[in-house]
file entry_26.txt (compact mmCIF, N, CA and C atoms and all ligand atoms)
# COMPACT_ATOMS: atom_id res chain seq x y z
N MET A 270 46.10 113.93 -115.02
CA MET A 270 46.22 112.48 -115.19
C MET A 270 46.84 111.87 -113.94
N GLU A 271 46.37 110.73 -113.52
CA GLU A 271 46.85 110.16 -112.26
C GLU A 271 48.29 109.67 -112.37
N ILE A 272 48.97 109.73 -111.25
CA ILE A 272 50.33 109.20 -111.18
C ILE A 272 50.20 107.71 -110.95
N VAL A 273 50.82 106.92 -111.80
CA VAL A 273 50.65 105.47 -111.66
C VAL A 273 51.91 104.77 -111.16
N LYS A 274 53.03 105.48 -111.18
CA LYS A 274 54.25 104.82 -110.77
C LYS A 274 55.28 105.86 -110.37
N ILE A 275 56.04 105.58 -109.34
CA ILE A 275 57.14 106.49 -108.98
C ILE A 275 58.43 105.67 -108.98
N GLU A 276 59.38 106.13 -109.75
CA GLU A 276 60.64 105.40 -109.93
C GLU A 276 61.77 106.42 -109.90
N ASN A 277 62.79 106.20 -109.10
CA ASN A 277 63.89 107.16 -108.99
C ASN A 277 63.39 108.58 -108.75
N GLN A 278 62.37 108.71 -107.94
CA GLN A 278 61.78 110.00 -107.57
C GLN A 278 61.13 110.71 -108.75
N VAL A 279 60.89 110.01 -109.83
CA VAL A 279 60.17 110.60 -110.96
C VAL A 279 58.78 109.98 -110.99
N SER A 280 57.77 110.83 -111.06
CA SER A 280 56.39 110.35 -111.13
C SER A 280 56.04 110.04 -112.59
N TYR A 281 55.48 108.88 -112.81
CA TYR A 281 55.09 108.48 -114.16
C TYR A 281 53.58 108.55 -114.32
N HIS A 282 53.16 109.07 -115.47
CA HIS A 282 51.74 109.24 -115.76
C HIS A 282 51.36 108.37 -116.95
N SER A 283 50.21 107.75 -116.87
CA SER A 283 49.69 106.98 -118.00
C SER A 283 49.23 107.93 -119.09
N VAL A 284 49.69 107.69 -120.32
CA VAL A 284 49.27 108.55 -121.44
C VAL A 284 48.53 107.74 -122.51
N GLY A 285 48.24 106.47 -122.21
CA GLY A 285 47.47 105.66 -123.15
C GLY A 285 48.08 104.28 -123.32
N ASN A 286 47.51 103.52 -124.23
CA ASN A 286 48.04 102.19 -124.54
C ASN A 286 48.92 102.25 -125.78
N VAL A 287 49.83 101.29 -125.89
CA VAL A 287 50.75 101.26 -127.02
C VAL A 287 49.99 101.41 -128.34
N GLU A 288 48.85 100.71 -128.45
CA GLU A 288 48.10 100.72 -129.71
C GLU A 288 47.51 102.10 -130.04
N ASP A 289 47.47 102.99 -129.04
CA ASP A 289 46.96 104.34 -129.31
C ASP A 289 47.96 105.17 -130.10
N PHE A 290 49.21 104.66 -130.20
CA PHE A 290 50.26 105.43 -130.85
C PHE A 290 50.61 104.79 -132.19
N PRO A 291 50.27 105.48 -133.29
CA PRO A 291 50.55 104.90 -134.60
C PRO A 291 52.05 104.79 -134.85
N LEU A 292 52.46 103.72 -135.52
CA LEU A 292 53.88 103.50 -135.81
C LEU A 292 54.44 104.61 -136.69
N HIS A 293 55.64 105.04 -136.37
CA HIS A 293 56.40 106.02 -137.16
C HIS A 293 55.73 107.40 -137.22
N LEU A 294 54.90 107.69 -136.25
CA LEU A 294 54.28 109.01 -136.17
C LEU A 294 54.43 109.56 -134.76
N GLY A 295 54.24 110.87 -134.65
CA GLY A 295 54.25 111.49 -133.33
C GLY A 295 52.83 111.76 -132.88
N LYS A 296 52.61 111.76 -131.58
CA LYS A 296 51.29 112.05 -131.03
C LYS A 296 51.46 112.92 -129.78
N VAL A 297 50.65 113.96 -129.69
CA VAL A 297 50.75 114.87 -128.56
C VAL A 297 50.02 114.29 -127.35
N VAL A 298 50.68 114.34 -126.19
CA VAL A 298 50.04 113.95 -124.94
C VAL A 298 50.26 115.07 -123.92
N HIS A 299 49.44 115.08 -122.90
CA HIS A 299 49.54 116.12 -121.88
C HIS A 299 49.71 115.49 -120.50
N ILE A 300 50.60 116.06 -119.75
CA ILE A 300 50.76 115.67 -118.35
C ILE A 300 50.42 116.91 -117.55
N GLU A 301 49.56 116.73 -116.57
CA GLU A 301 49.09 117.88 -115.80
C GLU A 301 50.24 118.75 -115.30
N GLY A 302 50.14 120.04 -115.59
CA GLY A 302 51.14 120.97 -115.10
C GLY A 302 52.44 120.97 -115.87
N GLY A 303 52.55 120.10 -116.87
CA GLY A 303 53.79 120.00 -117.64
C GLY A 303 53.63 120.53 -119.04
N PRO A 304 54.72 120.58 -119.79
CA PRO A 304 54.63 121.06 -121.16
C PRO A 304 53.96 120.02 -122.05
N GLU A 305 53.61 120.43 -123.26
CA GLU A 305 53.06 119.48 -124.23
C GLU A 305 54.17 118.51 -124.61
N ILE A 306 53.85 117.24 -124.67
CA ILE A 306 54.85 116.22 -124.97
C ILE A 306 54.46 115.47 -126.24
N ALA A 307 55.46 115.21 -127.07
CA ALA A 307 55.24 114.43 -128.29
C ALA A 307 55.79 113.03 -128.06
N VAL A 308 54.94 112.02 -128.24
CA VAL A 308 55.37 110.63 -128.09
C VAL A 308 55.50 110.03 -129.49
N PHE A 309 56.66 109.40 -129.73
CA PHE A 309 56.93 108.78 -131.04
C PHE A 309 57.07 107.28 -130.85
N ARG A 310 56.38 106.53 -131.68
CA ARG A 310 56.49 105.07 -131.62
C ARG A 310 57.27 104.62 -132.86
N VAL A 311 58.49 104.16 -132.65
CA VAL A 311 59.36 103.82 -133.78
C VAL A 311 59.35 102.33 -134.10
N ALA A 312 58.89 101.51 -133.17
CA ALA A 312 58.77 100.07 -133.39
C ALA A 312 57.64 99.58 -132.49
N GLU A 313 57.26 98.30 -132.64
CA GLU A 313 56.12 97.76 -131.89
C GLU A 313 56.06 98.26 -130.46
N ARG A 314 57.18 98.08 -129.74
CA ARG A 314 57.19 98.44 -128.32
C ARG A 314 58.34 99.38 -127.98
N THR A 315 58.70 100.21 -128.94
CA THR A 315 59.75 101.21 -128.71
C THR A 315 59.18 102.59 -128.93
N LEU A 316 59.12 103.35 -127.84
CA LEU A 316 58.54 104.70 -127.92
C LEU A 316 59.46 105.69 -127.21
N TYR A 317 59.41 106.94 -127.67
CA TYR A 317 60.19 108.00 -127.06
C TYR A 317 59.29 109.21 -126.80
N ALA A 318 59.65 109.97 -125.77
CA ALA A 318 58.86 111.16 -125.42
C ALA A 318 59.77 112.38 -125.39
N LEU A 319 59.42 113.38 -126.18
CA LEU A 319 60.17 114.64 -126.22
C LEU A 319 59.20 115.79 -126.04
N GLU A 320 59.74 116.91 -125.54
CA GLU A 320 58.88 118.09 -125.48
C GLU A 320 58.44 118.41 -126.91
N ASN A 321 57.20 118.91 -127.05
CA ASN A 321 56.65 119.12 -128.38
C ASN A 321 57.11 120.45 -129.00
N ARG A 322 58.24 120.94 -128.57
CA ARG A 322 58.81 122.13 -129.20
C ARG A 322 60.32 122.07 -129.04
N THR A 323 61.00 122.76 -129.91
CA THR A 323 62.45 122.77 -129.81
C THR A 323 62.88 124.00 -129.03
N GLY A 324 64.17 124.09 -128.75
CA GLY A 324 64.67 125.26 -128.03
C GLY A 324 64.72 126.48 -128.94
N HIS A 325 64.57 126.27 -130.23
CA HIS A 325 64.64 127.38 -131.18
C HIS A 325 63.36 128.21 -131.11
N LYS A 326 63.46 129.47 -131.48
CA LYS A 326 62.29 130.33 -131.46
C LYS A 326 61.18 129.70 -132.29
N LYS A 327 59.98 129.69 -131.72
CA LYS A 327 58.81 129.10 -132.38
C LYS A 327 59.05 127.65 -132.76
N GLY A 328 59.98 126.98 -132.09
CA GLY A 328 60.29 125.59 -132.44
C GLY A 328 59.11 124.66 -132.24
N GLY A 329 59.06 123.65 -133.05
CA GLY A 329 57.97 122.68 -132.96
C GLY A 329 56.92 122.96 -133.99
N PRO A 330 55.77 122.32 -134.00
CA PRO A 330 55.44 121.19 -133.13
C PRO A 330 56.07 119.89 -133.63
N LEU A 331 56.92 119.33 -132.79
CA LEU A 331 57.66 118.14 -133.22
C LEU A 331 56.78 116.95 -133.56
N ALA A 332 55.61 116.85 -132.92
CA ALA A 332 54.73 115.70 -133.16
C ALA A 332 54.32 115.61 -134.63
N GLU A 333 54.44 116.73 -135.35
CA GLU A 333 54.06 116.73 -136.76
C GLU A 333 55.26 116.47 -137.67
N GLY A 334 56.41 116.22 -137.06
CA GLY A 334 57.63 115.99 -137.84
C GLY A 334 57.67 114.61 -138.45
N LEU A 335 58.52 114.48 -139.45
CA LEU A 335 58.72 113.20 -140.12
C LEU A 335 59.65 112.34 -139.28
N VAL A 336 59.25 111.09 -139.01
CA VAL A 336 60.08 110.20 -138.21
C VAL A 336 60.85 109.27 -139.14
N SER A 337 62.17 109.21 -138.90
CA SER A 337 63.01 108.31 -139.70
C SER A 337 63.98 107.63 -138.75
N GLY A 338 63.84 106.32 -138.59
CA GLY A 338 64.69 105.59 -137.65
C GLY A 338 64.50 106.17 -136.26
N GLU A 339 65.60 106.57 -135.64
CA GLU A 339 65.51 107.13 -134.29
C GLU A 339 65.68 108.64 -134.31
N TYR A 340 65.20 109.26 -135.39
CA TYR A 340 65.27 110.71 -135.51
C TYR A 340 63.91 111.25 -135.94
N VAL A 341 63.70 112.52 -135.60
CA VAL A 341 62.51 113.22 -136.10
C VAL A 341 63.02 114.51 -136.75
N TYR A 342 62.39 114.86 -137.86
CA TYR A 342 62.75 116.09 -138.56
C TYR A 342 61.75 117.17 -138.18
N CYS A 343 62.26 118.26 -137.60
CA CYS A 343 61.40 119.35 -137.18
C CYS A 343 60.62 119.89 -138.38
N PRO A 344 59.30 120.01 -138.25
CA PRO A 344 58.49 120.45 -139.39
C PRO A 344 58.73 121.91 -139.76
N LEU A 345 59.37 122.68 -138.89
CA LEU A 345 59.58 124.09 -139.20
C LEU A 345 60.79 124.33 -140.07
N ARG A 346 61.93 123.78 -139.64
CA ARG A 346 63.17 124.08 -140.36
C ARG A 346 63.90 122.82 -140.78
N ASP A 347 63.24 121.68 -140.61
CA ASP A 347 63.82 120.42 -141.05
C ASP A 347 65.07 120.00 -140.27
N CYS A 348 65.29 120.57 -139.09
CA CYS A 348 66.42 120.13 -138.27
C CYS A 348 66.20 118.66 -137.91
N LYS A 349 67.30 117.91 -137.84
CA LYS A 349 67.23 116.48 -137.50
C LYS A 349 67.51 116.33 -136.02
N ILE A 350 66.61 115.69 -135.29
CA ILE A 350 66.70 115.61 -133.83
C ILE A 350 66.69 114.16 -133.38
N SER A 351 67.63 113.79 -132.52
CA SER A 351 67.67 112.43 -131.98
C SER A 351 66.51 112.21 -131.02
N LEU A 352 65.77 111.12 -131.21
CA LEU A 352 64.67 110.80 -130.29
C LEU A 352 65.22 110.26 -128.97
N LEU A 353 66.45 109.77 -128.97
CA LEU A 353 67.03 109.20 -127.76
C LEU A 353 67.57 110.28 -126.83
N THR A 354 68.28 111.25 -127.42
CA THR A 354 68.97 112.24 -126.58
C THR A 354 68.37 113.64 -126.70
N GLY A 355 67.58 113.90 -127.73
CA GLY A 355 67.04 115.23 -127.95
C GLY A 355 68.03 116.16 -128.64
N GLU A 356 69.25 115.65 -128.92
CA GLU A 356 70.27 116.49 -129.55
C GLU A 356 69.87 116.82 -130.98
N VAL A 357 69.94 118.12 -131.31
CA VAL A 357 69.75 118.55 -132.69
C VAL A 357 71.05 118.22 -133.43
N GLN A 358 70.94 117.55 -134.57
CA GLN A 358 72.11 117.10 -135.29
C GLN A 358 72.71 118.21 -136.15
N LEU A 359 74.03 118.14 -136.32
CA LEU A 359 74.74 119.12 -137.15
C LEU A 359 74.19 119.11 -138.57
N PRO A 360 74.19 120.21 -139.29
CA PRO A 360 74.86 121.47 -138.96
C PRO A 360 74.07 122.35 -138.00
N ASP A 361 72.88 121.92 -137.58
CA ASP A 361 72.11 122.71 -136.62
C ASP A 361 72.55 122.33 -135.22
N THR A 362 72.20 123.15 -134.26
CA THR A 362 72.59 122.87 -132.88
C THR A 362 71.39 123.06 -131.96
N GLY A 363 71.53 122.59 -130.72
CA GLY A 363 70.48 122.75 -129.73
C GLY A 363 70.07 121.40 -129.18
N ARG A 364 69.11 121.43 -128.28
CA ARG A 364 68.66 120.20 -127.64
C ARG A 364 67.20 120.34 -127.24
N VAL A 365 66.48 119.26 -127.41
CA VAL A 365 65.08 119.23 -127.03
C VAL A 365 64.97 118.41 -125.75
N SER A 366 64.09 118.80 -124.85
CA SER A 366 63.93 118.04 -123.60
C SER A 366 63.35 116.65 -123.90
N VAL A 367 63.99 115.65 -123.30
CA VAL A 367 63.56 114.26 -123.45
C VAL A 367 62.94 113.81 -122.13
N TYR A 368 61.83 113.13 -122.19
CA TYR A 368 61.15 112.66 -120.99
C TYR A 368 61.28 111.14 -120.88
N PRO A 369 61.47 110.64 -119.66
CA PRO A 369 61.57 109.20 -119.49
C PRO A 369 60.24 108.54 -119.83
N LEU A 370 60.32 107.40 -120.51
CA LEU A 370 59.10 106.69 -120.92
C LEU A 370 59.27 105.21 -120.56
N ARG A 371 58.24 104.64 -119.98
CA ARG A 371 58.26 103.22 -119.60
C ARG A 371 56.99 102.56 -120.11
N LEU A 372 57.08 101.25 -120.32
CA LEU A 372 55.88 100.49 -120.62
C LEU A 372 55.56 99.63 -119.41
N ASP A 373 54.30 99.63 -119.03
CA ASP A 373 53.83 98.77 -117.96
C ASP A 373 52.78 97.88 -118.60
N GLY A 374 53.20 96.71 -119.07
CA GLY A 374 52.32 95.92 -119.93
C GLY A 374 52.15 96.69 -121.23
N ASP A 375 50.92 97.02 -121.57
CA ASP A 375 50.69 97.80 -122.79
C ASP A 375 50.43 99.27 -122.49
N VAL A 376 50.55 99.64 -121.22
CA VAL A 376 50.29 101.04 -120.83
C VAL A 376 51.58 101.85 -120.97
N VAL A 377 51.45 102.99 -121.64
CA VAL A 377 52.60 103.88 -121.84
C VAL A 377 52.64 104.89 -120.69
N LEU A 378 53.80 104.93 -120.01
CA LEU A 378 53.97 105.85 -118.89
C LEU A 378 55.05 106.86 -119.23
N VAL A 379 54.77 108.13 -118.97
CA VAL A 379 55.76 109.18 -119.23
C VAL A 379 56.08 109.88 -117.91
N GLY A 380 57.38 110.03 -117.65
CA GLY A 380 57.83 110.71 -116.43
C GLY A 380 57.62 112.21 -116.55
N GLU A 381 57.35 112.85 -115.41
CA GLU A 381 57.01 114.27 -115.48
C GLU A 381 58.23 115.19 -115.46
N ARG A 382 59.40 114.62 -115.35
CA ARG A 382 60.59 115.47 -115.32
C ARG A 382 61.51 115.11 -116.49
N ALA A 383 61.97 116.13 -117.22
CA ALA A 383 62.83 115.89 -118.37
C ALA A 383 64.13 115.26 -117.91
N ALA A 384 64.63 114.32 -118.72
CA ALA A 384 65.86 113.63 -118.39
C ALA A 384 67.08 114.46 -118.79
N ASN A 385 66.87 115.46 -119.64
CA ASN A 385 67.96 116.36 -120.01
C ASN A 385 67.41 117.78 -119.94
N GLU A 386 68.21 118.73 -120.35
CA GLU A 386 67.75 120.12 -120.28
C GLU A 386 67.65 120.72 -121.66
N ALA A 387 66.59 121.49 -121.87
CA ALA A 387 66.45 122.18 -123.16
C ALA A 387 67.47 123.31 -123.20
N SER A 388 67.96 123.60 -124.39
CA SER A 388 68.87 124.74 -124.52
C SER A 388 68.62 125.44 -125.83
N GLU A 389 68.97 126.69 -125.86
CA GLU A 389 68.82 127.45 -127.10
C GLU A 389 69.88 126.99 -128.08
N GLY A 390 69.57 126.99 -129.35
CA GLY A 390 70.59 126.62 -130.32
C GLY A 390 70.41 127.38 -131.60
S1 LIG A 401 63.09 125.33 -135.35
FE1 LIG A 401 62.79 123.24 -135.55
S2 LIG A 401 64.55 122.36 -134.70
FE2 LIG A 401 64.94 124.46 -134.70
call {"tool": "encode", "arguments": {"input": "entry_26.txt", "output": "structure tokens", "more": "lines below"}}
Ligand code: FES
result
Amino acid sequence: MEIVKIENQVSYHSVGNVEDFPLHLGKVVHIEGGPEIAVFRVAERTLYALENRTGHKKGGPLAEGLVSGEYVYCPLRDCKISLLTGEVQLPDTGRVSVYPLRLDGDVVLVGERAANEASEG
């Protein structure tokens, strides 16, 4: 996918238009050379991008998880994960990689470098 914007040394890739992402659901997108990414649209123009797997063994696919507010519930073990920070909420632990996401008009752009680091939990 072509690089459409570079900001703070992060290359942003177009992954579709806002309307391509159903409200309160996750959708898998691909960035060349990067991991599978799950994009969640929680409000008209509020979207988040997380790696489509958790740090846990066989974690994911997060895009199939239930979205509630600014959290997604992992479909495997029901862990609650923040869409903003990727932090797995207690009593579970761990962190999912979060990718920067921008809107350029109605075009959804995802940065190719995670804003945080995945960790085992
Ligand atoms: S296996 Fe799903 S969050 Fe840990």
call {"tool": "atom_distance", "arguments": {"input": "entry_26.txt", "atom1": "atom CA of Val367 of chain A", "atom2": "atom CA of Thr323 of chain A"}}
result
10.7 Å
call {"tool": "select_by_dssp", "arguments": {"input": "entry_26.txt", "residues": "chain A", "states": "strand (DSSP E)", "output": "PyMOL selection string"}}
result
chain A and resi 272-276+279-286+295-299+305-312+315-320+335-337+340-342+349-351+367-368+370-373+376-380
call {"tool": "write_last_selection", "arguments": {"input": "entry_26.txt", "atoms": "N, CA and C atoms", "output": "compact mmCIF listing (two decimals), in the frame of the given file"}}
result
# COMPACT_ATOMS: atom_id res chain seq x y z
N ILE A 272 48.97 109.73 -111.25
CA ILE A 272 50.33 109.20 -111.18
C ILE A 272 50.20 107.71 -110.95
N VAL A 273 50.82 106.92 -111.80
CA VAL A 273 50.65 105.47 -111.66
C VAL A 273 51.91 104.77 -111.16
N LYS A 274 53.03 105.48 -111.18
CA LYS A 274 54.25 104.82 -110.77
C LYS A 274 55.28 105.86 -110.37
N ILE A 275 56.04 105.58 -109.34
CA ILE A 275 57.14 106.49 -108.98
C ILE A 275 58.43 105.67 -108.98
N GLU A 276 59.38 106.13 -109.75
CA GLU A 276 60.64 105.40 -109.93
C GLU A 276 61.77 106.42 -109.90
N VAL A 279 60.89 110.01 -109.83
CA VAL A 279 60.17 110.60 -110.96
C VAL A 279 58.78 109.98 -110.99
N SER A 280 57.77 110.83 -111.06
CA SER A 280 56.39 110.35 -111.13
C SER A 280 56.04 110.04 -112.59
N TYR A 281 55.48 108.88 -112.81
CA TYR A 281 55.09 108.48 -114.16
C TYR A 281 53.58 108.55 -114.32
N HIS A 282 53.16 109.07 -115.47
CA HIS A 282 51.74 109.24 -115.76
C HIS A 282 51.36 108.37 -116.95
N SER A 283 50.21 107.75 -116.87
CA SER A 283 49.69 106.98 -118.00
C SER A 283 49.23 107.93 -119.09
N VAL A 284 49.69 107.69 -120.32
CA VAL A 284 49.27 108.55 -121.44
C VAL A 284 48.53 107.74 -122.51
N GLY A 285 48.24 106.47 -122.21
CA GLY A 285 47.47 105.66 -123.15
C GLY A 285 48.08 104.28 -123.32
N ASN A 286 47.51 103.52 -124.23
CA ASN A 286 48.04 102.19 -124.54
C ASN A 286 48.92 102.25 -125.78
N GLY A 295 54.24 110.87 -134.65
CA GLY A 295 54.25 111.49 -133.33
C GLY A 295 52.83 111.76 -132.88
N LYS A 296 52.61 111.76 -131.58
CA LYS A 296 51.29 112.05 -131.03
C LYS A 296 51.46 112.92 -129.78
N VAL A 297 50.65 113.96 -129.69
CA VAL A 297 50.75 114.87 -128.56
C VAL A 297 50.02 114.29 -127.35
N VAL A 298 50.68 114.34 -126.19
CA VAL A 298 50.04 113.95 -124.94
C VAL A 298 50.26 115.07 -123.92
N HIS A 299 49.44 115.08 -122.90
CA HIS A 299 49.54 116.12 -121.88
C HIS A 299 49.71 115.49 -120.50
N GLU A 305 53.61 120.43 -123.26
CA GLU A 305 53.06 119.48 -124.23
C GLU A 305 54.17 118.51 -124.61
N ILE A 306 53.85 117.24 -124.67
CA ILE A 306 54.85 116.22 -124.97
C ILE A 306 54.46 115.47 -126.24
N ALA A 307 55.46 115.21 -127.07
CA ALA A 307 55.24 114.43 -128.29
C ALA A 307 55.79 113.03 -128.06
N VAL A 308 54.94 112.02 -128.24
CA VAL A 308 55.37 110.63 -128.09
C VAL A 308 55.50 110.03 -129.49
N PHE A 309 56.66 109.40 -129.73
CA PHE A 309 56.93 108.78 -131.04
C PHE A 309 57.07 107.28 -130.85
N ARG A 310 56.38 106.53 -131.68
CA ARG A 310 56.49 105.07 -131.62
C ARG A 310 57.27 104.62 -132.86
N VAL A 311 58.49 104.16 -132.65
CA VAL A 311 59.36 103.82 -133.78
C VAL A 311 59.35 102.33 -134.10
N ALA A 312 58.89 101.51 -133.17
CA ALA A 312 58.77 100.07 -133.39
C ALA A 312 57.64 99.58 -132.49
N THR A 315 58.70 100.21 -128.94
CA THR A 315 59.75 101.21 -128.71
C THR A 315 59.18 102.59 -128.93
N LEU A 316 59.12 103.35 -127.84
CA LEU A 316 58.54 104.70 -127.92
C LEU A 316 59.46 105.69 -127.21
N TYR A 317 59.41 106.94 -127.67
CA TYR A 317 60.19 108.00 -127.06
C TYR A 317 59.29 109.21 -126.80
N ALA A 318 59.65 109.97 -125.77
CA ALA A 318 58.86 111.16 -125.42
C ALA A 318 59.77 112.38 -125.39
N LEU A 319 59.42 113.38 -126.18
CA LEU A 319 60.17 114.64 -126.22
C LEU A 319 59.20 115.79 -126.04
N GLU A 320 59.74 116.91 -125.54
CA GLU A 320 58.88 118.09 -125.48
C GLU A 320 58.44 118.41 -126.91
N LEU A 335 58.52 114.48 -139.45
CA LEU A 335 58.72 113.20 -140.12
C LEU A 335 59.65 112.34 -139.28
N VAL A 336 59.25 111.09 -139.01
CA VAL A 336 60.08 110.20 -138.21
C VAL A 336 60.85 109.27 -139.14
N SER A 337 62.17 109.21 -138.90
CA SER A 337 63.01 108.31 -139.70
C SER A 337 63.98 107.63 -138.75
N TYR A 340 65.20 109.26 -135.39
CA TYR A 340 65.27 110.71 -135.51
C TYR A 340 63.91 111.25 -135.94
N VAL A 341 63.70 112.52 -135.60
CA VAL A 341 62.51 113.22 -136.10
C VAL A 341 63.02 114.51 -136.75
N TYR A 342 62.39 114.86 -137.86
CA TYR A 342 62.75 116.09 -138.56
C TYR A 342 61.75 117.17 -138.18
N LYS A 349 67.30 117.91 -137.84
CA LYS A 349 67.23 116.48 -137.50
C LYS A 349 67.51 116.33 -136.02
N ILE A 350 66.61 115.69 -135.29
CA ILE A 350 66.70 115.61 -133.83
C ILE A 350 66.69 114.16 -133.38
N SER A 351 67.63 113.79 -132.52
CA SER A 351 67.67 112.43 -131.98
C SER A 351 66.51 112.21 -131.02
N VAL A 367 63.99 115.65 -123.30
CA VAL A 367 63.56 114.26 -123.45
C VAL A 367 62.94 113.81 -122.13
N TYR A 368 61.83 113.13 -122.19
CA TYR A 368 61.15 112.66 -120.99
C TYR A 368 61.28 111.14 -120.88
N LEU A 370 60.32 107.40 -120.51
CA LEU A 370 59.10 106.69 -120.92
C LEU A 370 59.27 105.21 -120.56
N ARG A 371 58.24 104.64 -119.98
CA ARG A 371 58.26 103.22 -119.60
C ARG A 371 56.99 102.56 -120.11
N LEU A 372 57.08 101.25 -120.32
CA LEU A 372 55.88 100.49 -120.62
C LEU A 372 55.56 99.63 -119.41
N ASP A 373 54.30 99.63 -119.03
CA ASP A 373 53.83 98.77 -117.96
C ASP A 373 52.78 97.88 -118.60
N VAL A 376 50.55 99.64 -121.22
CA VAL A 376 50.29 101.04 -120.83
C VAL A 376 51.58 101.85 -120.97
N VAL A 377 51.45 102.99 -121.64
CA VAL A 377 52.60 103.88 -121.84
C VAL A 377 52.64 104.89 -120.69
N LEU A 378 53.80 104.93 -120.01
CA LEU A 378 53.97 105.85 -118.89
C LEU A 378 55.05 106.86 -119.23
N VAL A 379 54.77 108.13 -118.97
CA VAL A 379 55.76 109.18 -119.23
C VAL A 379 56.08 109.88 -117.91
N GLY A 380 57.38 110.03 -117.65
CA GLY A 380 57.83 110.71 -116.43
C GLY A 380 57.62 112.21 -116.55
call {"tool": "atom_distance", "arguments": {"input": "entry_26.txt", "atom1": "atom C of Gly303 of chain A", "atom2": "atom N of Pro360 of chain A"}}
result
28.9 Å
call {"tool": "closest_atom_pairs", "arguments": {"input": "entry_26.txt", "of": "chain A", "to": "ligand LIG 401 (chain A)", "cutoff": "5 Å", "atoms": "only N, CA and C atoms and all ligand atoms", "output": "tab-separated table"}}
result
residue	atom	partner	partner_atom	distance
A:His325	CA	A:LIG401	FE2	4.6
A:Gly328	CA	A:LIG401	S1	4.0
A:Gly329	N	A:LIG401	FE1	4.5
A:Cys343	CA	A:LIG401	FE1	4.4
A:Leu345	N	A:LIG401	FE1	4.8
A:Arg346	N	A:LIG401	FE1	4.2
A:Cys348	CA	A:LIG401	S2	4.6
call {"tool": "closest_residue", "arguments": {"input": "entry_26.txt", "among": "A:Leu292, A:Ile272, A:Ala318, A:Leu335", "to": "Leu353 of chain A", "atoms": "only N, CA and C atoms"}}
result
A:Ala318
call {"tool": "atom_distance", "arguments": {"input": "entry_26.txt", "atom1": "atom N of Glu301 of chain A", "atom2": "atom N of Val279 of chain A"}}
result
14.8 Å
call {"tool": "residues_around", "arguments": {"input": "entry_26.txt", "residues": "His282 of chain A", "least_positions_apart": "4", "cutoff": "6 Å", "atoms": "all atoms listed in the file", "output": "VMD selection string"}}
result
chain A and resid 270 to 274 377 to 381
call {"tool": "residues_around", "arguments": {"input": "entry_26.txt", "residues": "Thr354 of chain A", "least_positions_apart": "6", "cutoff": "7 Å", "atoms": "all atoms listed in the file", "output": "compact mmCIF listing (two decimals) with N, CA and C atoms, in the frame of the given file"}}
result
# COMPACT_ATOMS: atom_id res chain seq x y z
N ARG A 364 69.11 121.43 -128.28
CA ARG A 364 68.66 120.20 -127.64
C ARG A 364 67.20 120.34 -127.24
N VAL A 365 66.48 119.26 -127.41
CA VAL A 365 65.08 119.23 -127.03
C VAL A 365 64.97 118.41 -125.75
N SER A 366 64.09 118.80 -124.85
CA SER A 366 63.93 118.04 -123.60
C SER A 366 63.35 116.65 -123.90
N VAL A 367 63.99 115.65 -123.30
CA VAL A 367 63.56 114.26 -123.45
C VAL A 367 62.94 113.81 -122.13
call {"tool": "select_by_dssp", "arguments": {"input": "entry_26.txt", "residues": "chain A", "states": "helix (DSSP H, G or I)", "output": "list of chain:residue names"}}
result
A:Val287, A:Glu288, A:Asp289, A:Leu331, A:Ala332, A:Glu333
call {"tool": "closest_residue", "arguments": {"input": "entry_26.txt", "among": "A:Asn321, A:Leu294, A:Ala307, A:Val357", "to": "Val336 of chain A", "atoms": "only N, CA and C atoms"}}
result
A:Leu294
call {"tool": "residues_around", "arguments": {"input": "entry_26.txt", "residues": "segment 289-291 of chain A", "least_positions_apart": "2", "cutoff": "8 Å", "atoms": "all atoms listed in the file", "output": "list of chain:residue names"}}
result
A:Val284, A:Gly285, A:Asn286, A:Val287, A:His293, A:Leu294, A:Gly295, A:Lys296, A:Val308, A:Phe309, A:Arg310, A:Val311, A:Ala312
call {"tool": "closest_residue", "arguments": {"input": "entry_26.txt", "among": "A:Asn277, A:Glu288, A:Glu356, A:Val297", "to": "Glu313 of chain A", "atoms": "only C-alpha atoms"}}
result
A:Glu288
